[in-house]
Amino acid sequence: MKNNLYTIGKKDLFDLFSRLSVGSRVVVPYISGENFYFADFDSNKEDNIELGGIRQSEPVKSFFSHAREKVAGGDKGKPKPLILAGVKSCDLAGFYIQDSVFLGVESEDPIYTANRKNTTIISVDCTFAKETCFCIAIEGTSYPTANFDMNLSIMDNNILVEVATAKGAAIVSGYRMFFKDASTRHTEIRDSNRKAVSAEVKDFIDKRGTPDASKIKGMIKDKYNLQELWQDAASTCVECGACNLICPTCHCFLLFDESRGAHPIRNRVWDSCLYKSFARVAGGANPRKHLYERMRNRFDKKFSFFPETIGRIACTGCGRCIDACAGNIDIREVLKGLVNGKWNKPPHK
């Protein structure tokens, strides 16, 4: 058995979180009804902590490039080290895109870089799937395989721990009394659980007829000039931008300045390619003034630009955009429609 595999009890894990929160900000997933969300660890709310389940409502990117933040001017202060627990595979896959943008070879965003370095990521296997999950269709998995420091596989009150980096190893070595060496039996249970959840995701994919990555490849270029298809796809869009803001890979932002006395401040906020003003340039010209063009640009970026640029689709199959869309636009149906050459217009919610 590899020495990077351990087990820990649920009670001991919460005790560990409590001790880590003395010097770090520890964020964990909670459950409210059917919704999962992140919040600071509170020992008085342990009954509401849900490490398993599926991805949280908000994307993990919000901890690294904030929805609104100062990038120049004013005192931003130095944040505590962040320990982010409960991260799911679809959010981890988002790092491939976010890192390529903000940690790129040509330029590096200092704020994003500092936040990444300041964070320890404790990921968790999904313990069930939701109908909107389709990670497997786009070469993802229902369990983490990379981009984490430590991963947890839930097995009733016992948890299998996989350590992947020096950050994860430091937690184990610093609190060794909580961790026991894992056995082959533990990995067998983990693998069996993972297989069951993966089958659940695949069943949703098959029932929906969601095309896989091999069918999606190259289809944007093939259908790029079929205006009617894109107009149908955008027919119920209300340009709210929810799909962009909730997406773990969308990364576009807008800079603006404000004056506060003698201390001018430059801010950065998330932006959306579906906003009419997104592509507008000085003088008022807009190369994507029609909504269908902006919808097409969103799909082109995810399923053509990034695969050609870094070899990865910029969609993780998390399904958040499906849940968030006020126009009832289902990305799976759009993809299926592109492959088939047509689709039914979505009804208004």
# chains A, B, ... in the order shown; residues from 1 in each chain; ligands from 1
call {"tool": "select_by_dssp", "arguments": {"residues": "stretch 90-208 of chain A", "states": "helix (DSSP H, G or I)", "output": "ChimeraX atom specification"}}
result
/A:90-102,110-117,135-138,166-174,176-178,184-208
call {"tool": "residues_around", "arguments": {"residues": "stretch 191-194 of chain A", "least_positions_apart": "3", "cutoff": "10 Å", "atoms": "only C-alpha atoms", "output": "list in words"}}
result
Asp125, Cys126, Thr127, Phe128, Thr141, Ser142, Tyr143, Ser153, Ile154, Met155, Arg185, His186, Thr187, Glu188, Val197, Ser198, Ala199 and Glu200 of chain A
call {"tool": "write_last_selection", "arguments": {"atoms": "N, CA and C atoms", "output": "PDB file, in the first residue's frame"}}
result
ATOM      1  N   ASP A 125     -14.556  12.971  -3.564  1.00  0.00           N
ATOM      2  CA  ASP A 125     -15.300  12.238  -4.591  1.00  0.00           C
ATOM      3  C   ASP A 125     -16.777  12.601  -4.524  1.00  0.00           C
ATOM      4  N   CYS A 126     -17.427  12.681  -5.681  1.00  0.00           N
ATOM      5  CA  CYS A 126     -18.885  12.802  -5.690  1.00  0.00           C
ATOM      6  C   CYS A 126     -19.471  11.488  -5.180  1.00  0.00           C
ATOM      7  N   THR A 127     -20.520  11.576  -4.379  1.00  0.00           N
ATOM      8  CA  THR A 127     -21.133  10.358  -3.838  1.00  0.00           C
ATOM      9  C   THR A 127     -22.447  10.022  -4.531  1.00  0.00           C
ATOM     10  N   PHE A 128     -22.917  10.913  -5.396  1.00  0.00           N
ATOM     11  CA  PHE A 128     -24.047  10.615  -6.271  1.00  0.00           C
ATOM     12  C   PHE A 128     -23.995  11.621  -7.412  1.00  0.00           C
ATOM     13  N   THR A 141     -14.262  13.009 -15.033  1.00  0.00           N
ATOM     14  CA  THR A 141     -14.570  11.906 -14.128  1.00  0.00           C
ATOM     15  C   THR A 141     -15.400  12.428 -12.973  1.00  0.00           C
ATOM     16  N   SER A 142     -16.076  11.523 -12.299  1.00  0.00           N
ATOM     17  CA  SER A 142     -16.898  11.913 -11.153  1.00  0.00           C
ATOM     18  C   SER A 142     -16.076  11.947  -9.862  1.00  0.00           C
ATOM     19  N   TYR A 143     -14.793  11.760  -9.984  1.00  0.00           N
ATOM     20  CA  TYR A 143     -13.887  11.797  -8.819  1.00  0.00           C
ATOM     21  C   TYR A 143     -12.597  12.503  -9.234  1.00  0.00           C
ATOM     22  N   SER A 153     -12.262  10.309   0.050  1.00  0.00           N
ATOM     23  CA  SER A 153     -13.278   9.397  -0.484  1.00  0.00           C
ATOM     24  C   SER A 153     -14.124   8.932   0.685  1.00  0.00           C
ATOM     25  N   ILE A 154     -15.401   9.322   0.673  1.00  0.00           N
ATOM     26  CA  ILE A 154     -16.282   9.066   1.806  1.00  0.00           C
ATOM     27  C   ILE A 154     -16.726   7.608   1.828  1.00  0.00           C
ATOM     28  N   MET A 155     -16.574   6.978   2.989  1.00  0.00           N
ATOM     29  CA  MET A 155     -17.017   5.599   3.199  1.00  0.00           C
ATOM     30  C   MET A 155     -17.716   5.534   4.548  1.00  0.00           C
ATOM     31  N   ARG A 185      -8.402  -3.044   1.329  1.00  0.00           N
ATOM     32  CA  ARG A 185      -9.860  -3.082   1.438  1.00  0.00           C
ATOM     33  C   ARG A 185     -10.458  -1.687   1.278  1.00  0.00           C
ATOM     34  N   HIS A 186      -9.798  -0.676   1.828  1.00  0.00           N
ATOM     35  CA  HIS A 186     -10.293   0.690   1.717  1.00  0.00           C
ATOM     36  C   HIS A 186     -10.304   1.160   0.264  1.00  0.00           C
ATOM     37  N   THR A 187      -9.251   0.853  -0.473  1.00  0.00           N
ATOM     38  CA  THR A 187      -9.200   1.273  -1.876  1.00  0.00           C
ATOM     39  C   THR A 187     -10.222   0.512  -2.714  1.00  0.00           C
ATOM     40  N   GLU A 188     -10.499  -0.721  -2.341  1.00  0.00           N
ATOM     41  CA  GLU A 188     -11.516  -1.505  -3.063  1.00  0.00           C
ATOM     42  C   GLU A 188     -12.898  -0.881  -2.884  1.00  0.00           C
ATOM     43  N   VAL A 197     -20.997   5.714  -9.023  1.00  0.00           N
ATOM     44  CA  VAL A 197     -21.361   7.088  -9.351  1.00  0.00           C
ATOM     45  C   VAL A 197     -21.104   7.379 -10.831  1.00  0.00           C
ATOM     46  N   SER A 198     -20.002   6.858 -11.346  1.00  0.00           N
ATOM     47  CA  SER A 198     -19.703   7.043 -12.767  1.00  0.00           C
ATOM     48  C   SER A 198     -20.792   6.434 -13.638  1.00  0.00           C
ATOM     49  N   ALA A 199     -21.289   5.279 -13.230  1.00  0.00           N
ATOM     50  CA  ALA A 199     -22.370   4.622 -13.967  1.00  0.00           C
ATOM     51  C   ALA A 199     -23.633   5.468 -13.932  1.00  0.00           C
ATOM     52  N   GLU A 200     -23.862   6.137 -12.797  1.00  0.00           N
ATOM     53  CA  GLU A 200     -25.034   7.002 -12.665  1.00  0.00           C
ATOM     54  C   GLU A 200     -24.938   8.194 -13.614  1.00  0.00           C
TER      55      GLU A 200
END
call {"tool": "closest_residue", "arguments": {"among": "A:Gly140, A:Gly174, A:Gly311, A:Gly319", "to": "A:Ser100", "atoms": "only C-alpha atoms"}}
result
A:Gly311
call {"tool": "select_by_dssp", "arguments": {"residues": "stretch 43-188 of chain A", "states": "strand (DSSP E or B)", "output": "PyMOL selection string"}}
result
chain A and resi 49+68-72+82-87+119-124+150-155+158-163+180-181
call {"tool": "residues_around", "arguments": {"residues": "A:Lys223", "least_positions_apart": "2", "cutoff": "12 Å", "atoms": "only C-alpha atoms", "output": "PyMOL selection string"}}
result
chain A and resi 216-221+225-230+296+299-300+304+334-335+337-342
call {"tool": "write_last_selection", "arguments": {"atoms": "C-alpha atoms", "output": "mmCIF file, in the first residue's frame"}}
result
data_model
loop_
_atom_site.group_PDB
_atom_site.id
_atom_site.type_symbol
_atom_site.label_atom_id
_atom_site.label_comp_id
_atom_site.auth_asym_id
_atom_site.auth_seq_id
_atom_site.Cartn_x
_atom_site.Cartn_y
_atom_site.Cartn_z
ATOM 1 C CA ILE A 216 -18.134 17.524 -30.390
ATOM 2 C CA LYS A 217 -14.642 17.902 -31.859
ATOM 3 C CA GLY A 218 -14.639 20.206 -34.889
ATOM 4 C CA MET A 219 -18.401 20.740 -34.923
ATOM 5 C CA ILE A 220 -18.258 24.465 -34.101
ATOM 6 C CA LYS A 221 -16.251 25.203 -37.224
ATOM 7 C CA ASN A 225 -21.987 29.917 -40.394
ATOM 8 C CA LEU A 226 -25.371 28.227 -39.941
ATOM 9 C CA GLN A 227 -27.036 31.355 -38.611
ATOM 10 C CA GLU A 228 -30.459 29.796 -38.112
ATOM 11 C CA LEU A 229 -29.057 27.173 -35.741
ATOM 12 C CA TRP A 230 -27.418 29.797 -33.545
ATOM 13 C CA ARG A 296 -21.925 31.359 -30.886
ATOM 14 C CA PHE A 299 -19.508 27.911 -27.683
ATOM 15 C CA ASP A 300 -16.644 28.660 -30.053
ATOM 16 C CA SER A 304 -12.980 25.181 -30.440
ATOM 17 C CA VAL A 334 -27.290 22.828 -27.910
ATOM 18 C CA LEU A 335 -24.368 20.428 -28.340
ATOM 19 C CA GLY A 337 -28.375 20.069 -31.853
ATOM 20 C CA LEU A 338 -25.050 21.068 -33.351
ATOM 21 C CA VAL A 339 -24.134 17.436 -33.914
ATOM 22 C CA ASN A 340 -27.550 16.632 -35.412
ATOM 23 C CA GLY A 341 -27.885 19.900 -37.318
ATOM 24 C CA LYS A 342 -31.071 21.054 -35.570
#
call {"tool": "residues_around", "arguments": {"residues": "A:Cys325", "least_positions_apart": "4", "cutoff": "9 Å", "atoms": "only C-alpha atoms", "output": "list of chain:residue names"}}
result
A:Cys237, A:Val238, A:Cys240, A:Gly241, A:Ala242, A:Cys243, A:Arg320, A:Cys321, A:Ile329, A:Asp330
call {"tool": "write_last_selection", "arguments": {"atoms": "N, CA and C atoms", "output": "short mmCIF file (atom, residue, chain, number, x, y, z; two decimals), in the first residue's frame"}}
result
data_model
loop_
_atom_site.label_atom_id
_atom_site.label_comp_id
_atom_site.auth_asym_id
_atom_site.auth_seq_id
_atom_site.Cartn_x
_atom_site.Cartn_y
_atom_site.Cartn_z
N CYS A 237 -32.65 33.29 -24.72
CA CYS A 237 -31.64 33.92 -23.86
C CYS A 237 -32.09 35.34 -23.48
N VAL A 238 -31.95 35.68 -22.20
CA VAL A 238 -32.32 37.01 -21.72
C VAL A 238 -31.09 37.86 -21.40
N CYS A 240 -28.72 37.55 -19.25
CA CYS A 240 -28.46 37.80 -17.82
C CYS A 240 -27.01 37.51 -17.44
N GLY A 241 -26.34 36.68 -18.24
CA GLY A 241 -24.95 36.36 -17.97
C GLY A 241 -24.75 35.30 -16.90
N ALA A 242 -25.83 34.70 -16.42
CA ALA A 242 -25.71 33.70 -15.34
C ALA A 242 -24.83 32.54 -15.75
N CYS A 243 -24.93 32.11 -16.99
CA CYS A 243 -24.14 30.95 -17.44
C CYS A 243 -22.65 31.24 -17.37
N ARG A 320 -23.94 23.54 -14.02
CA ARG A 320 -24.41 24.74 -13.32
C ARG A 320 -25.16 25.68 -14.25
N CYS A 321 -24.68 25.82 -15.49
CA CYS A 321 -25.32 26.76 -16.40
C CYS A 321 -26.75 26.31 -16.73
N ILE A 329 -32.11 27.32 -21.33
CA ILE A 329 -31.19 26.82 -22.36
C ILE A 329 -30.30 25.74 -21.75
N ASP A 330 -30.29 24.59 -22.37
CA ASP A 330 -29.54 23.44 -21.88
C ASP A 330 -28.34 23.21 -22.80
#
